[in-house]
Amino acid sequence: MNLTILNLTLKSIYNRKFTAIITIFSIAISVSLLLGVEKIRTETRLSFANTISGTDLIVGARSGSIQLLLYSVFRIGQVTNNISWNSYQKIIEHPKIKWSFPISLGDSHKGFRVMGTTQDYFEHYQYSRHKTLKFSKGNPFVNVYDTVLGSDVAKKLNYKLGQSIVIAHGSGEVNLHKHDDKPFKVVGILKPTGTPVDQTIHISLSGMEAIHIDWQQGMPTGLNISAQKAEKMDLQPKAITAFMVGLTSKSSIFQVQRMVNVYSQEPLLAIMPGVALQEFWSLMGMADQALWIISVFVVVTGLLGMLTVLLTSLNERRREIAILRSMGARPWQIFLLLMSESLGFVLLGCLLGVILLYMLLIIFQPLLEHHLGLYIGISSLSNSEIFILSLITGVGFVMGIIPGFRAYKTSLMDGLTLHI
Amino acid sequence: MSLNSIIELQQLLFSWKKDGPVILDIQQLTITKNERVFIEGPSGCGKSSLLGLLGGITLPLSGNIKILGQSIQNISGSKRDQFRADHIGFIFQMFNMIPYLSMIDNVVLPCRFSKKRYQQATKKFSLENEAKRLLAQLGLYDKELLSMPVTELSIGQQQRVAAARALIGNPEIIIADEPTSSLDADNRNIFLDLLFQQCDEENSTLIFVSHDANLKHHFERTIHFSEINQI
Ligand SMILES: Nc1ncnc2c1ncn2[C@@H]1O[C@H](COP(=O)(O)OP(=O)(O)O)[C@@H](O)[C@H]1O
Ligand SMILES: [Mg+2]
């Protein structure tokens with residue numbers, strides 16, 4: 001008997017295919033929007049958190065902790081102050097410090113940031129739960145004018161090992177000053193990491209020093225020291241931008257952090273990358289929460305549209321309800337008739353929404369990865385996505401009670417005669 | 001109560017709303033088995049309201065409604081619905097069809113709500129063939145008609161489909177509420193002849209309601225609504 005009702009529901013929906021399809025589509029689109037926003041949200045959060053791992057502290061000149069995080073890890077923003085080489089050396093003498101590597105920023109090549117560091121970087125930098133950097137070709141730099149490219153740099157600029165590149169002063173696509181007297185040779189290309197490392201050009205600190213040896217205050221002095229000559233000069237840097245530190249044990253993090261923060265020779269700041277990421281995320285979170293709330297409203301709008309369609313159809317269906325009643329249909333079966341219709345709309349809407357989401361993902365995944373460096377994995381529905389879908393179905397179910405109950409009451413009040 | 005009585009009303013009071021005006025006040029009405037009864041009265045006098053009571057869709061304020069020996073005001077709502085599904089076939093004035101069902105599906109629908117009618121309908125043939133047989137008896141044997149959307153049938157044809165639906169599974173009582181009021185004279189006569197014929201064949205008691213007093217010569221018994229209703 002309930003199969004009868006289900007059968008009636010399906011035929012009734014089929015009979016009104018046009019409105020049904022529009023209703024289902026509007027639910028589907030809103031569902032895929034919400035799931036898409038959710039997906040991007042979690043994936044960005046994940047790729048964010050995966051950018052750095054295994055580093056206990058990042059030390060830079062005193063500024064905001066988010067600012068330090070952004071330029072040291074994400075190569076975003078401008079560096080305002082440096083750390084002197086002496087302070088760096090003095091701090092890493094601390095017995096609890098196991099390893100460290102310096103970072104020196106400021107130059108670029110065709111829009112990609114150039115980072116001066118040491119070989120320790122290739123050994124100790126970790127991302128995404130203790131993964132270390134791997135070379136797809138070549139080796140770490142050895143000579144002053146050697147460079148190691150991130151995978152995106154090599155891919156986009158189509159650079160091979162042995163290629164010679166010229167580094168420009170400052171960042172940005174167009175540079176007034178080029179260090180074209182001291183070209184670098186590509187000796188290594190890293191494997192993709194899905195982090196800003198992929199967009200970084202790595203050179204040694206001495207290389208960094210060498211290209212600036214005839215410079216002062218960001219301008220060439222006109223001395224024109226040749227590459228070979230510079231190589232033989234003292235290439236010990238006087239300052240670095242920041243450095244990253246690994247400790248012998250996690251328990252000494254606060255001790256070392258305090259030591260840095262109260263360092264008397266110059267104002268320094270030590271941050272824990274995890275904490276700073278969290279802090280940064282809570283800032284970013286506002287924007288993505290807004291997006292999230294908007295998508296929730298879009299879904300509600302879709303469901304309200306369905307409600308409108310069902311309530312409008314109810315008036316046309318009073319006659320049908322009276323006929324069904326005359327044949328012995330129970331009032332609760334009339335309720336079920338309308339209820340299963342809204343449930344059908346919502347379930348089909350969710351199903352179509354999920355299909356739509358995967359189609360969009362397949363289409364846009366390469367674009368997102370290419371332009372934003374955001375890799376979104378195409379996997380089966382996550383728990384939170386399944387939760388969202390059940391929640392939508394639940395809300396649709398509750399909304400379906402309204403026309404269902406109206407039909408129920410109508411069926412009792414009308415009897416056989418429609419009393420308008 | 002006579003042995004043959006199929007419907008028996010006593011001291012019936014009815015109003016649509018609890019404290020609304022009483023529109024039915026019927027002391028006594030008995031309808032016996034195999035009768036064809038015509039109930040005649042002007043529009044708005046309460047004929048349809050009475051039929052709702054006979055079908056157990058609505059309940060009286062007071063009084064007793066006995067159908068096939070069962071006092072239906074004393075049983076639960078779902079039992080009443082089942083009782084109606086098992087024993088009564090309805091035909092209305094117009095818009096009898098469930099618009100999204102085929103002609104056959106419309107006809108067999110009552111058997112989906114009543115096991116008893118399903119069993120009776122499938123005694124000789126499959127359900128679908130029984131529907132076709134009834135439709136053919138009512139003059140709808142055209143194969144092309146069967147595949148047409150019911151909403152595209154003429155009103156005369158729709159009423160005959162409705163009659164087949166009321167008759168399927170052989171319910172004891174057929175209640176027809178102005179089934180001919182939307183038909184022209186020719187169609188009306190054809191419809192009445194076919195309906196009578198089928199009721200005879202199936203041994204059904206027919207209660208036929210209309211405001212059109214001209215129909216009464218078709219019936220063996222006519223009840224003037226104003227004579228039974230005290231209001
Ligand atoms: N479903 C209903 N709800 C409330 N009042 C109704 C309903 N159906 C009919 N009525 C009222 O009951 C009275 C009798 O109507 P009805 O039984 O339809 O008369 P008839 O069938 O003889 O034309 C009318 O006053 C009508 O307005
Ligand atoms: Mg009426």
# chains A, B, ... in the order shown; residues from 1 in each chain; ligands from 1

$ residues_around --residues "stretch 161-175 of chain B" --least-positions-apart "3" --cutoff "6 Å" --atoms "only C-alpha atoms" --output "PyMOL selection string"
chain B and resi 87-91+107+117-118+120-121+134-135+158+204-207

$ select_by_dssp --residues "stretch 99-185 of chain A" --states "strand (DSSP E or B)" --output "CSV table (one decimal) with N, CA, C and O atoms, in the first residue's frame"
chain,number,residue,atom,x,y,z
A,99,TRP,N,69.6,21.9,14.9
A,99,TRP,CA,70.0,22.3,13.5
A,99,TRP,C,69.3,23.7,13.2
A,99,TRP,O,68.4,24.1,13.9
A,100,SER,N,69.8,24.3,12.2
A,100,SER,CA,69.2,25.6,11.8
A,100,SER,C,69.7,25.9,10.3
A,100,SER,O,70.7,25.3,9.9
A,101,PHE,N,68.9,26.6,9.6
A,101,PHE,CA,69.3,27.2,8.3
A,101,PHE,C,68.8,28.6,8.2
A,101,PHE,O,67.7,28.9,8.6
A,102,PRO,N,69.6,29.4,7.5
A,102,PRO,CA,69.2,30.8,7.4
A,102,PRO,C,68.4,31.0,6.1
A,102,PRO,O,68.4,30.2,5.2
A,103,ILE,N,67.7,32.1,6.0
A,103,ILE,CA,66.9,32.5,4.8
A,103,ILE,C,67.3,33.9,4.5
A,103,ILE,O,67.3,34.8,5.4
A,104,SER,N,67.6,34.2,3.2
A,104,SER,CA,67.9,35.5,2.8
A,104,SER,C,67.1,35.9,1.6
A,104,SER,O,67.2,35.2,0.6
A,105,LEU,N,66.2,36.8,1.7
A,105,LEU,CA,65.2,37.1,0.6
A,105,LEU,C,65.5,38.5,0.0
A,105,LEU,O,66.3,39.3,0.6
A,106,GLY,N,64.9,38.8,-1.1
A,106,GLY,CA,65.0,40.2,-1.6
A,106,GLY,C,65.1,40.2,-3.1
A,106,GLY,O,64.6,41.1,-3.7
A,107,ASP,N,65.7,39.2,-3.7
A,107,ASP,CA,65.8,39.2,-5.2
A,107,ASP,C,64.8,38.3,-5.8
A,107,ASP,O,64.1,37.5,-5.1
A,108,SER,N,64.7,38.4,-7.1
A,108,SER,CA,63.7,37.5,-7.8
A,108,SER,C,64.2,37.2,-9.2
A,108,SER,O,65.2,37.8,-9.7
A,109,HIS,N,63.5,36.3,-9.9
A,109,HIS,CA,63.8,35.9,-11.3
A,109,HIS,C,62.5,35.7,-12.0
A,109,HIS,O,61.8,34.7,-11.6
A,112,PHE,N,59.6,34.9,-9.8
A,112,PHE,CA,59.8,33.9,-8.7
A,112,PHE,C,60.8,34.4,-7.7
A,112,PHE,O,61.8,35.0,-8.1
A,113,ARG,N,60.5,34.2,-6.4
A,113,ARG,CA,61.4,34.7,-5.4
A,113,ARG,C,62.7,33.9,-5.4
A,113,ARG,O,62.7,32.7,-5.5
A,114,VAL,N,63.8,34.6,-5.1
A,114,VAL,CA,65.0,34.0,-5.0
A,114,VAL,C,65.3,33.9,-3.5
A,114,VAL,O,65.1,34.9,-2.8
A,115,MET,N,65.8,32.8,-3.0
A,115,MET,CA,66.1,32.7,-1.6
A,115,MET,C,67.5,32.2,-1.4
A,115,MET,O,67.9,31.1,-1.9
A,116,GLY,N,68.2,32.9,-0.6
A,116,GLY,CA,69.6,32.5,-0.2
A,116,GLY,C,69.5,31.6,1.0
A,116,GLY,O,68.8,31.9,2.0
A,117,THR,N,70.2,30.5,1.0
A,117,THR,CA,70.2,29.6,2.2
A,117,THR,C,71.4,28.8,2.2
A,117,THR,O,72.4,29.1,1.5
A,126,GLN,N,61.2,20.6,6.2
A,126,GLN,CA,60.2,19.5,6.1
A,126,GLN,C,58.8,20.1,5.8
A,126,GLN,O,58.5,21.2,6.3
A,127,TYR,N,58.0,19.4,5.1
A,127,TYR,CA,56.6,19.8,4.9
A,127,TYR,C,55.7,18.6,5.0
A,127,TYR,O,56.2,17.5,5.0
A,131,LYS,N,57.9,15.3,5.5
A,131,LYS,CA,58.4,14.9,4.3
A,131,LYS,C,59.6,15.9,4.0
A,131,LYS,O,59.5,17.1,4.3
A,132,THR,N,60.7,15.3,3.5
A,132,THR,CA,61.9,16.2,3.2
A,132,THR,C,61.9,16.5,1.7
A,132,THR,O,61.3,15.8,0.9
A,135,PHE,N,65.2,15.7,-4.7
A,135,PHE,CA,65.6,16.2,-6.0
A,135,PHE,C,65.0,15.3,-7.1
A,135,PHE,O,65.1,14.1,-7.1
A,136,SER,N,64.4,16.0,-8.2
A,136,SER,CA,64.0,15.2,-9.3
A,136,SER,C,65.2,15.1,-10.3
A,136,SER,O,65.4,14.1,-11.0
A,137,LYS,N,66.0,16.1,-10.3
A,137,LYS,CA,67.3,16.1,-11.1
A,137,LYS,C,68.3,16.9,-10.3
A,137,LYS,O,68.1,17.9,-9.6
A,138,GLY,N,69.6,16.5,-10.5
A,138,GLY,CA,70.7,17.2,-10.0
A,138,GLY,C,70.9,17.1,-8.5
A,138,GLY,O,70.4,16.2,-7.8
A,146,ASP,N,75.8,28.5,-8.2
A,146,ASP,CA,74.9,27.4,-8.4
A,146,ASP,C,73.5,27.8,-8.0
A,146,ASP,O,73.4,28.5,-7.0
A,147,THR,N,72.5,27.2,-8.6
A,147,THR,CA,71.1,27.4,-8.1
A,147,THR,C,70.3,26.2,-8.2
A,147,THR,O,70.5,25.3,-9.1
A,148,VAL,N,69.3,26.0,-7.3
A,148,VAL,CA,68.4,24.9,-7.3
A,148,VAL,C,67.0,25.4,-7.5
A,148,VAL,O,66.6,26.4,-6.8
A,149,LEU,N,66.3,24.9,-8.4
A,149,LEU,CA,64.9,25.4,-8.7
A,149,LEU,C,63.8,24.6,-8.1
A,149,LEU,O,63.9,23.4,-8.0
A,164,SER,N,71.7,28.7,-17.7
A,164,SER,CA,72.2,29.8,-17.0
A,164,SER,C,71.1,30.9,-16.8
A,164,SER,O,70.4,31.2,-17.8
A,165,ILE,N,70.9,31.4,-15.6
A,165,ILE,CA,69.9,32.4,-15.4
A,165,ILE,C,70.4,33.6,-14.7
A,165,ILE,O,71.4,33.6,-14.0
A,168,ALA,N,67.4,39.1,-10.8
A,168,ALA,CA,67.1,40.6,-10.8
A,168,ALA,C,67.0,41.1,-9.4
A,168,ALA,O,66.6,40.3,-8.4
A,178,LYS,N,69.4,44.4,-13.0
A,178,LYS,CA,69.7,42.9,-13.1
A,178,LYS,C,71.1,42.6,-12.7
A,178,LYS,O,72.0,43.4,-13.0
A,184,PHE,N,73.8,32.6,-12.9
A,184,PHE,CA,73.8,31.4,-12.1
A,184,PHE,C,73.5,30.2,-13.0
A,184,PHE,O,72.9,30.3,-14.0
A,185,LYS,N,74.0,29.0,-12.5
A,185,LYS,CA,73.9,27.8,-13.3
A,185,LYS,C,72.9,26.9,-12.5
A,185,LYS,O,73.1,26.7,-11.3

$ select_by_dssp --residues "stretch 22-204 of chain B" --states "helix (DSSP H, G or I)" --output "ChimeraX atom specification"
/B:47-54,72-74,77-87,103-113,115-121,127-137,143-146,150-152,155-167,185-202

$ interface_residues --of "chain B" --to "chain A" --cutoff "9 Å" --atoms "only C-alpha atoms" --output "VMD selection string"
chain B and resid 16 48 to 49 51 to 52 55 57 to 58 77 to 78 80 to 86 88 to 90 92 95 to 101 109 to 114 166

$ closest_atom_pairs --of "chain B" --to "ligand 1" --cutoff "10 Å" --atoms "only C-alpha atoms and all ligand atoms" --output "JSON lines"
{"residue": "B:Phe14", "atom": "CA", "partner": "ligand 1", "partner_atom_place_in_ligand_line": "12 (O)", "distance": 9.7}
{"residue": "B:Ser15", "atom": "CA", "partner": "ligand 1", "partner_atom_place_in_ligand_line": "12 (O)", "distance": 7.8}
{"residue": "B:Trp16", "atom": "CA", "partner": "ligand 1", "partner_atom_place_in_ligand_line": "4 (C)", "distance": 5.0}
{"residue": "B:Lys17", "atom": "CA", "partner": "ligand 1", "partner_atom_place_in_ligand_line": "4 (C)", "distance": 7.0}
{"residue": "B:Gly20", "atom": "CA", "partner": "ligand 1", "partner_atom_place_in_ligand_line": "5 (N)", "distance": 9.2}
{"residue": "B:Pro21", "atom": "CA", "partner": "ligand 1", "partner_atom_place_in_ligand_line": "25 (O)", "distance": 9.1}
{"residue": "B:Val22", "atom": "CA", "partner": "ligand 1", "partner_atom_place_in_ligand_line": "12 (O)", "distance": 9.2}
{"residue": "B:Ile23", "atom": "CA", "partner": "ligand 1", "partner_atom_place_in_ligand_line": "13 (C)", "distance": 6.5}
{"residue": "B:Leu24", "atom": "CA", "partner": "ligand 1", "partner_atom_place_in_ligand_line": "14 (C)", "distance": 8.7}
{"residue": "B:Ile39", "atom": "CA", "partner": "ligand 1", "partner_atom_place_in_ligand_line": "22 (O)", "distance": 9.8}
{"residue": "B:Glu40", "atom": "CA", "partner": "ligand 1", "partner_atom_place_in_ligand_line": "22 (O)", "distance": 8.7}
{"residue": "B:Gly41", "atom": "CA", "partner": "ligand 1", "partner_atom_place_in_ligand_line": "22 (O)", "distance": 6.5}
{"residue": "B:Pro42", "atom": "CA", "partner": "ligand 1", "partner_atom_place_in_ligand_line": "22 (O)", "distance": 6.1}
{"residue": "B:Ser43", "atom": "CA", "partner": "ligand 1", "partner_atom_place_in_ligand_line": "23 (O)", "distance": 3.7}
{"residue": "B:Gly44", "atom": "CA", "partner": "ligand 1", "partner_atom_place_in_ligand_line": "23 (O)", "distance": 3.4}
{"residue": "B:Cys45", "atom": "CA", "partner": "ligand 1", "partner_atom_place_in_ligand_line": "22 (O)", "distance": 4.1}
{"residue": "B:Gly46", "atom": "CA", "partner": "ligand 1", "partner_atom_place_in_ligand_line": "17 (O)", "distance": 3.2}
{"residue": "B:Lys47", "atom": "CA", "partner": "ligand 1", "partner_atom_place_in_ligand_line": "22 (O)", "distance": 3.7}
{"residue": "B:Ser48", "atom": "CA", "partner": "ligand 1", "partner_atom_place_in_ligand_line": "21 (O)", "distance": 3.6}
{"residue": "B:Ser49", "atom": "CA", "partner": "ligand 1", "partner_atom_place_in_ligand_line": "17 (O)", "distance": 3.6}
{"residue": "B:Leu50", "atom": "CA", "partner": "ligand 1", "partner_atom_place_in_ligand_line": "17 (O)", "distance": 6.5}
{"residue": "B:Leu51", "atom": "CA", "partner": "ligand 1", "partner_atom_place_in_ligand_line": "17 (O)", "distance": 8.0}
{"residue": "B:Gly52", "atom": "CA", "partner": "ligand 1", "partner_atom_place_in_ligand_line": "17 (O)", "distance": 8.4}
{"residue": "B:Thr58", "atom": "CA", "partner": "ligand 1", "partner_atom_place_in_ligand_line": "1 (N)", "distance": 9.5}
{"residue": "B:Asp177", "atom": "CA", "partner": "ligand 1", "partner_atom_place_in_ligand_line": "21 (O)", "distance": 7.7}
{"residue": "B:Glu178", "atom": "CA", "partner": "ligand 1", "partner_atom_place_in_ligand_line": "21 (O)", "distance": 8.4}
{"residue": "B:Val209", "atom": "CA", "partner": "ligand 1", "partner_atom_place_in_ligand_line": "21 (O)", "distance": 8.3}
{"residue": "B:Ser210", "atom": "CA", "partner": "ligand 1", "partner_atom_place_in_ligand_line": "22 (O)", "distance": 8.0}
{"residue": "B:His211", "atom": "CA", "partner": "ligand 1", "partner_atom_place_in_ligand_line": "22 (O)", "distance": 7.4}
{"residue": "B:Phe225", "atom": "CA", "partner": "ligand 1", "partner_atom_place_in_ligand_line": "22 (O)", "distance": 8.8}

$ closest_residue --among "A:Ile388, A:Met306, A:Val79, A:Ile378" --to "A:Leu357" --atoms "only C-alpha atoms"
A:Ile378

$ atom_distance --atom1 "atom CA of A:Ile66" --atom2 "atom CA of A:Val256"
19.3 Å

$ closest_residue --among "B:Gln28, B:Gln10, B:Asn74, B:Ser181" --to "ligand 2" --atoms "only C-alpha atoms and all ligand atoms"
B:Ser181

$ residues_around --residues "A:Ser206" --least-positions-apart "4" --cutoff "7 Å" --atoms "only C-alpha atoms" --output "list of chain:residue names"
A:Val144, A:Ala210, A:Leu235, A:Gln236, A:Pro237

$ write_last_selection --atoms "C-alpha atoms" --output "tab-separated table (two decimals), in the first residue's frame"
chain	number	residue	atom	x	y	z
A	144	VAL	CA	78.86	30.23	-5.42
A	210	ALA	CA	78.50	37.83	-4.31
A	235	LEU	CA	81.54	36.13	0.98
A	236	GLN	CA	80.47	35.88	4.59
A	237	PRO	CA	77.06	37.63	4.74

$ closest_residue --among "B:Thr122, B:Ala213, B:Met94, B:Leu194" --to "ligand 2" --atoms "only C-alpha atoms and all ligand atoms"
B:Met94

$ atom_distance --atom1 "atom CA of A:Val187" --atom2 "atom CA of A:Leu161"
5.6 Å

$ atom_distance --atom1 "atom CA of B:Asp200" --atom2 "atom CA of B:Ala176"
15.2 Å

$ residues_around --residues "A:Arg45" --least-positions-apart "5" --cutoff "10 Å" --atoms "only C-alpha atoms" --output "ChimeraX atom specification"
/A:39-40,50,277-278,281,284-285

$ write_last_selection --atoms "C-alpha atoms" --output "PDB file, in the first residue's frame"
ATOM      1  CA  LYS A  39      36.056  21.399  -0.070  1.00  0.00           C
ATOM      2  CA  ILE A  40      38.165  24.432  -0.916  1.00  0.00           C
ATOM      3  CA  ASN A  50      51.204  21.167   5.321  1.00  0.00           C
ATOM      4  CA  LEU A 277      49.593  29.350  11.109  1.00  0.00           C
ATOM      5  CA  GLN A 278      46.657  28.947  13.447  1.00  0.00           C
ATOM      6  CA  TRP A 281      44.069  30.972   9.708  1.00  0.00           C
ATOM      7  CA  MET A 284      41.552  34.153   6.956  1.00  0.00           C
ATOM      8  CA  GLY A 285      38.725  32.214   8.551  1.00  0.00           C
TER       9      GLY A 285
END

$ residues_around --residues "stretch 191-194 of chain A" --least-positions-apart "2" --cutoff "9 Å" --atoms "only C-alpha atoms" --output "PyMOL selection string"
chain A and resi 47+50-51+127-128+131+133-137+150-152+189+196-198+369+373-375
